[in-house]
file query-v3.pdb (PDB, C-alpha atoms)
ATOM      1  CA  MET A 285      -7.636 -25.195   5.895  1.00  0.00           C
ATOM      2  CA  ILE A 286      -6.105 -22.131   4.286  1.00  0.00           C
ATOM      3  CA  THR A 287      -2.997 -22.934   2.278  1.00  0.00           C
ATOM      4  CA  ALA A 288       0.124 -20.824   1.955  1.00  0.00           C
ATOM      5  CA  GLN A 289      -0.736 -20.184  -1.696  1.00  0.00           C
ATOM      6  CA  THR A 290      -4.120 -18.779  -0.663  1.00  0.00           C
ATOM      7  CA  LEU A 291      -2.494 -16.545   1.956  1.00  0.00           C
ATOM      8  CA  LEU A 292       0.036 -15.331  -0.608  1.00  0.00           C
ATOM      9  CA  LEU A 293      -2.752 -14.565  -3.057  1.00  0.00           C
ATOM     10  CA  LEU A 294      -4.748 -12.652  -0.445  1.00  0.00           C
ATOM     11  CA  THR A 295      -1.637 -10.737   0.619  1.00  0.00           C
ATOM     12  CA  ASN A 296      -0.880  -9.809  -2.981  1.00  0.00           C
ATOM     13  CA  ILE A 297      -4.448  -8.658  -3.586  1.00  0.00           C
ATOM     14  CA  LEU A 298      -4.543  -6.573  -0.404  1.00  0.00           C
ATOM     15  CA  MET A 299      -1.143  -4.993  -0.941  1.00  0.00           C
ATOM     16  CA  GLY A 300      -1.912  -4.406  -4.612  1.00  0.00           C
ATOM     17  CA  PHE A 301      -5.079  -2.529  -3.655  1.00  0.00           C
ATOM     18  CA  VAL A 302      -3.243  -0.456  -1.035  1.00  0.00           C
ATOM     19  CA  GLU A 303      -0.450   0.409  -3.472  1.00  0.00           C
ATOM     20  CA  PHE A 304      -2.937   1.206  -6.242  1.00  0.00           C
ATOM     21  CA  ILE A 305      -5.043   3.541  -4.072  1.00  0.00           C
ATOM     22  CA  ILE A 306      -2.024   5.422  -2.724  1.00  0.00           C
ATOM     23  CA  GLY A 307      -0.409   5.573  -6.158  1.00  0.00           C
ATOM     24  CA  LEU A 308      -3.629   6.882  -7.651  1.00  0.00           C
ATOM     25  CA  ARG A 309      -3.792   9.531  -4.916  1.00  0.00           C
ATOM     26  CA  VAL A 310      -0.224  10.635  -5.701  1.00  0.00           C
ATOM     27  CA  PHE A 311      -1.092  10.855  -9.400  1.00  0.00           C
ATOM     28  CA  LEU A 312      -4.319  12.802  -8.808  1.00  0.00           C
ATOM     29  CA  LYS A 313      -2.640  15.239  -6.404  1.00  0.00           C
ATOM     30  CA  LEU A 314       0.340  15.663  -8.706  1.00  0.00           C
ATOM     31  CA  PHE A 315      -1.846  16.695 -11.612  1.00  0.00           C
ATOM     32  CA  GLY A 316      -4.210  18.838  -9.551  1.00  0.00           C
ATOM     33  CA  ALA A 317      -7.397  16.782  -9.784  1.00  0.00           C
ATOM     34  CA  ARG A 318     -10.437  18.542  -8.341  1.00  0.00           C
ATOM     35  CA  ALA A 319     -11.252  17.117  -4.915  1.00  0.00           C
ATOM     36  CA  ALA A 320     -14.946  17.913  -5.487  1.00  0.00           C
ATOM     37  CA  ALA A 321     -15.178  15.275  -8.231  1.00  0.00           C
ATOM     38  CA  PRO A 322     -16.828  12.145  -6.753  1.00  0.00           C
ATOM     39  CA  PHE A 323     -14.153   9.689  -7.877  1.00  0.00           C
ATOM     40  CA  VAL A 324     -11.314  11.901  -6.668  1.00  0.00           C
ATOM     41  CA  ALA A 325     -13.075  12.434  -3.319  1.00  0.00           C
ATOM     42  CA  TRP A 326     -13.504   8.657  -2.983  1.00  0.00           C
ATOM     43  CA  VAL A 327      -9.797   8.045  -3.665  1.00  0.00           C
ATOM     44  CA  TYR A 328      -8.779  10.696  -1.118  1.00  0.00           C
ATOM     45  CA  GLU A 329     -11.183   9.342   1.531  1.00  0.00           C
ATOM     46  CA  THR A 330     -10.141   5.733   0.940  1.00  0.00           C
ATOM     47  CA  SER A 331      -6.425   6.478   1.053  1.00  0.00           C
ATOM     48  CA  GLN A 332      -6.559   8.791   4.089  1.00  0.00           C
ATOM     49  CA  PRO A 333      -6.522   6.034   6.765  1.00  0.00           C
ATOM     50  CA  LEU A 334      -3.635   4.343   4.964  1.00  0.00           C
ATOM     51  CA  LEU A 335      -1.612   7.560   5.027  1.00  0.00           C
ATOM     52  CA  ALA A 336      -2.484   8.593   8.600  1.00  0.00           C
ATOM     53  CA  PRO A 337       0.673   7.022  10.130  1.00  0.00           C
ATOM     54  CA  PHE A 338       2.834   8.973   7.678  1.00  0.00           C
ATOM     55  CA  GLU A 339       1.175  12.390   7.895  1.00  0.00           C
ATOM     56  CA  GLY A 340       3.508  15.244   8.690  1.00  0.00           C
ATOM     57  CA  MET A 341       6.693  13.260   8.112  1.00  0.00           C
ATOM     58  CA  PHE A 342       7.633  15.288   5.075  1.00  0.00           C
ATOM     59  CA  PRO A 343       6.374  18.611   3.781  1.00  0.00           C
ATOM     60  CA  THR A 344       3.897  18.587   0.927  1.00  0.00           C
ATOM     61  CA  SER A 345       5.423  20.409  -2.028  1.00  0.00           C
ATOM     62  CA  ARG A 346       3.419  22.763  -4.210  1.00  0.00           C
ATOM     63  CA  LEU A 347       4.744  22.658  -7.741  1.00  0.00           C
ATOM     64  CA  GLY A 348       2.736  25.616  -8.965  1.00  0.00           C
ATOM     65  CA  GLY A 349      -0.967  26.224  -9.134  1.00  0.00           C
ATOM     66  CA  ARG A 350      -2.879  23.139  -8.051  1.00  0.00           C
ATOM     67  CA  LEU A 351      -0.035  20.689  -8.627  1.00  0.00           C
ATOM     68  CA  THR A 352       0.990  18.995  -5.380  1.00  0.00           C
ATOM     69  CA  LEU A 353       3.609  16.387  -4.551  1.00  0.00           C
ATOM     70  CA  GLU A 354       2.873  14.412  -1.373  1.00  0.00           C
ATOM     71  CA  VAL A 355       6.252  13.056  -0.356  1.00  0.00           C
ATOM     72  CA  SER A 356       4.671  11.317   2.646  1.00  0.00           C
ATOM     73  CA  ALA A 357       2.454   9.323   0.274  1.00  0.00           C
ATOM     74  CA  LEU A 358       5.488   8.297  -1.777  1.00  0.00           C
ATOM     75  CA  PHE A 359       7.207   7.186   1.426  1.00  0.00           C
ATOM     76  CA  ALA A 360       4.070   5.248   2.403  1.00  0.00           C
ATOM     77  CA  LEU A 361       4.207   3.437  -0.960  1.00  0.00           C
ATOM     78  CA  LEU A 362       7.719   2.256  -0.161  1.00  0.00           C
ATOM     79  CA  ILE A 363       6.840   1.185   3.375  1.00  0.00           C
ATOM     80  CA  TYR A 364       3.708  -0.736   2.325  1.00  0.00           C
ATOM     81  CA  ALA A 365       5.638  -2.474  -0.457  1.00  0.00           C
ATOM     82  CA  PHE A 366       8.314  -3.486   2.054  1.00  0.00           C
ATOM     83  CA  LEU A 367       5.714  -4.689   4.586  1.00  0.00           C
ATOM     84  CA  GLY A 368       3.995  -6.731   1.872  1.00  0.00           C
ATOM     85  CA  TYR A 369       7.323  -8.301   0.976  1.00  0.00           C
ATOM     86  CA  LEU A 370       8.020  -9.158   4.628  1.00  0.00           C
ATOM     87  CA  VAL A 371       4.580 -10.737   5.085  1.00  0.00           C
ATOM     88  CA  GLU A 372       5.030 -12.828   1.936  1.00  0.00           C
ATOM     89  CA  GLU A 373       8.471 -13.994   3.033  1.00  0.00           C
ATOM     90  CA  LEU A 374       7.094 -14.897   6.460  1.00  0.00           C
ATOM     91  CA  ILE A 375       4.291 -16.960   4.880  1.00  0.00           C
ATOM     92  CA  VAL A 376       6.773 -18.803   2.648  1.00  0.00           C
ATOM     93  CA  TYR A 377       9.132 -19.409   5.564  1.00  0.00           C
ATOM     94  CA  LEU A 378       6.381 -20.767   7.806  1.00  0.00           C
ATOM     95  CA  ASP A 379       5.050 -22.950   5.006  1.00  0.00           C
ATOM     96  CA  GLN A 380       8.477 -24.423   4.292  1.00  0.00           C
ATOM     97  CA  SER A 381       9.087 -24.898   7.999  1.00  0.00           C
ATOM     98  CA  SER A 382       5.828 -26.800   8.449  1.00  0.00           C
ATOM     99  CA  HIS A 383       6.629 -29.015   5.454  1.00  0.00           C
ATOM    100  CA  ARG A 384      10.040 -29.868   6.918  1.00  0.00           C
ATOM    101  CA  GLN A 385       8.484 -30.742  10.281  1.00  0.00           C
ATOM    102  CA  SER A 386       5.803 -32.936   8.719  1.00  0.00           C
ATOM    103  CA  LYS A 387       8.462 -34.901   6.782  1.00  0.00           C
ATOM    104  CA  THR A 388      10.506 -35.616   9.904  1.00  0.00           C
ATOM    105  CA  VAL A 389       7.536 -36.830  11.947  1.00  0.00           C
TER     106      VAL A 389
END

call {"tool": "encode", "arguments": {"input": "query-v3.pdb", "output": "structure tokens"}}
result
Amino acid sequence: MITAQTLLLLTNILMGFVEFIIGLRVFLKLFGARAAAPFVAWVYETSQPLLAPFEGMFPTSRLGGRLTLEVSALFALLIYAFLGYLVEELIVYLDQSSHRQSKTV
């Protein structure tokens, strides 16, 4: 049986990866990384499905030359962090609730 601690760990790992990939994308775009570089292309391809729900919400700002600020990606970082927090709180709540029920039975 999967414990609440295991679910919390998996949630933290998943949300950490999502936040890292999007944060890395923001950093690479901000400093004008070449999209033709294999690592940069991988980051952009991996983060694209995560950002799809947020595309077009905010304009992408050009800061001069190749420097780009993706405000939608920054917004996505906030939303994913909040969703991760909600999932963790739900796991803790359900775990505590099941412990209370097992003590009363």

call {"tool": "resolve_selection", "arguments": {"input": "query-v3.pdb", "expression": "the PyMOL selection byres ((chain A and resi 348) around 12)", "output": "ChimeraX atom specification"}}
result
/A:313-316,345-347,349-353

call {"tool": "atom_distance", "arguments": {"input": "query-v3.pdb", "atom1": "CA of Leu292 in chain A", "atom2": "CA of Val310 in chain A"}}
result
26.5 Å

call {"tool": "closest_residue", "arguments": {"input": "query-v3.pdb", "among": "A:Arg309, A:Leu370, A:Thr287, A:Gln385", "to": "Phe323 in chain A", "atoms": "only C-alpha atoms"}}
result
A:Arg309

call {"tool": "atom_distance", "arguments": {"input": "query-v3.pdb", "atom1": "CA of Thr290 in chain A", "atom2": "CA of Val327 in chain A"}}
result
27.6 Å

call {"tool": "atom_distance", "arguments": {"input": "query-v3.pdb", "atom1": "CA of Gln380 in chain A", "atom2": "CA of Met285 in chain A"}}
result
16.2 Å

call {"tool": "closest_residue", "arguments": {"input": "query-v3.pdb", "among": "A:Val302, A:Ala320, A:Asn296, A:Thr344", "to": "Gln332 in chain A", "atoms": "all atoms listed in the file"}}
result
A:Val302

call {"tool": "closest_residue", "arguments": {"input": "query-v3.pdb", "among": "A:Ser386, A:Arg318, A:Phe342, A:Glu303", "to": "Ile363 in chain A", "atoms": "all atoms listed in the file"}}
result
A:Glu303

call {"tool": "residues_around", "arguments": {"input": "query-v3.pdb", "residues": "Gly307 in chain A", "least_positions_apart": "4", "cutoff": "8 Å", "atoms": "only C-alpha atoms", "output": "MDAnalysis selection string"}}
result
chainID A and resid 303 311 357:358 361
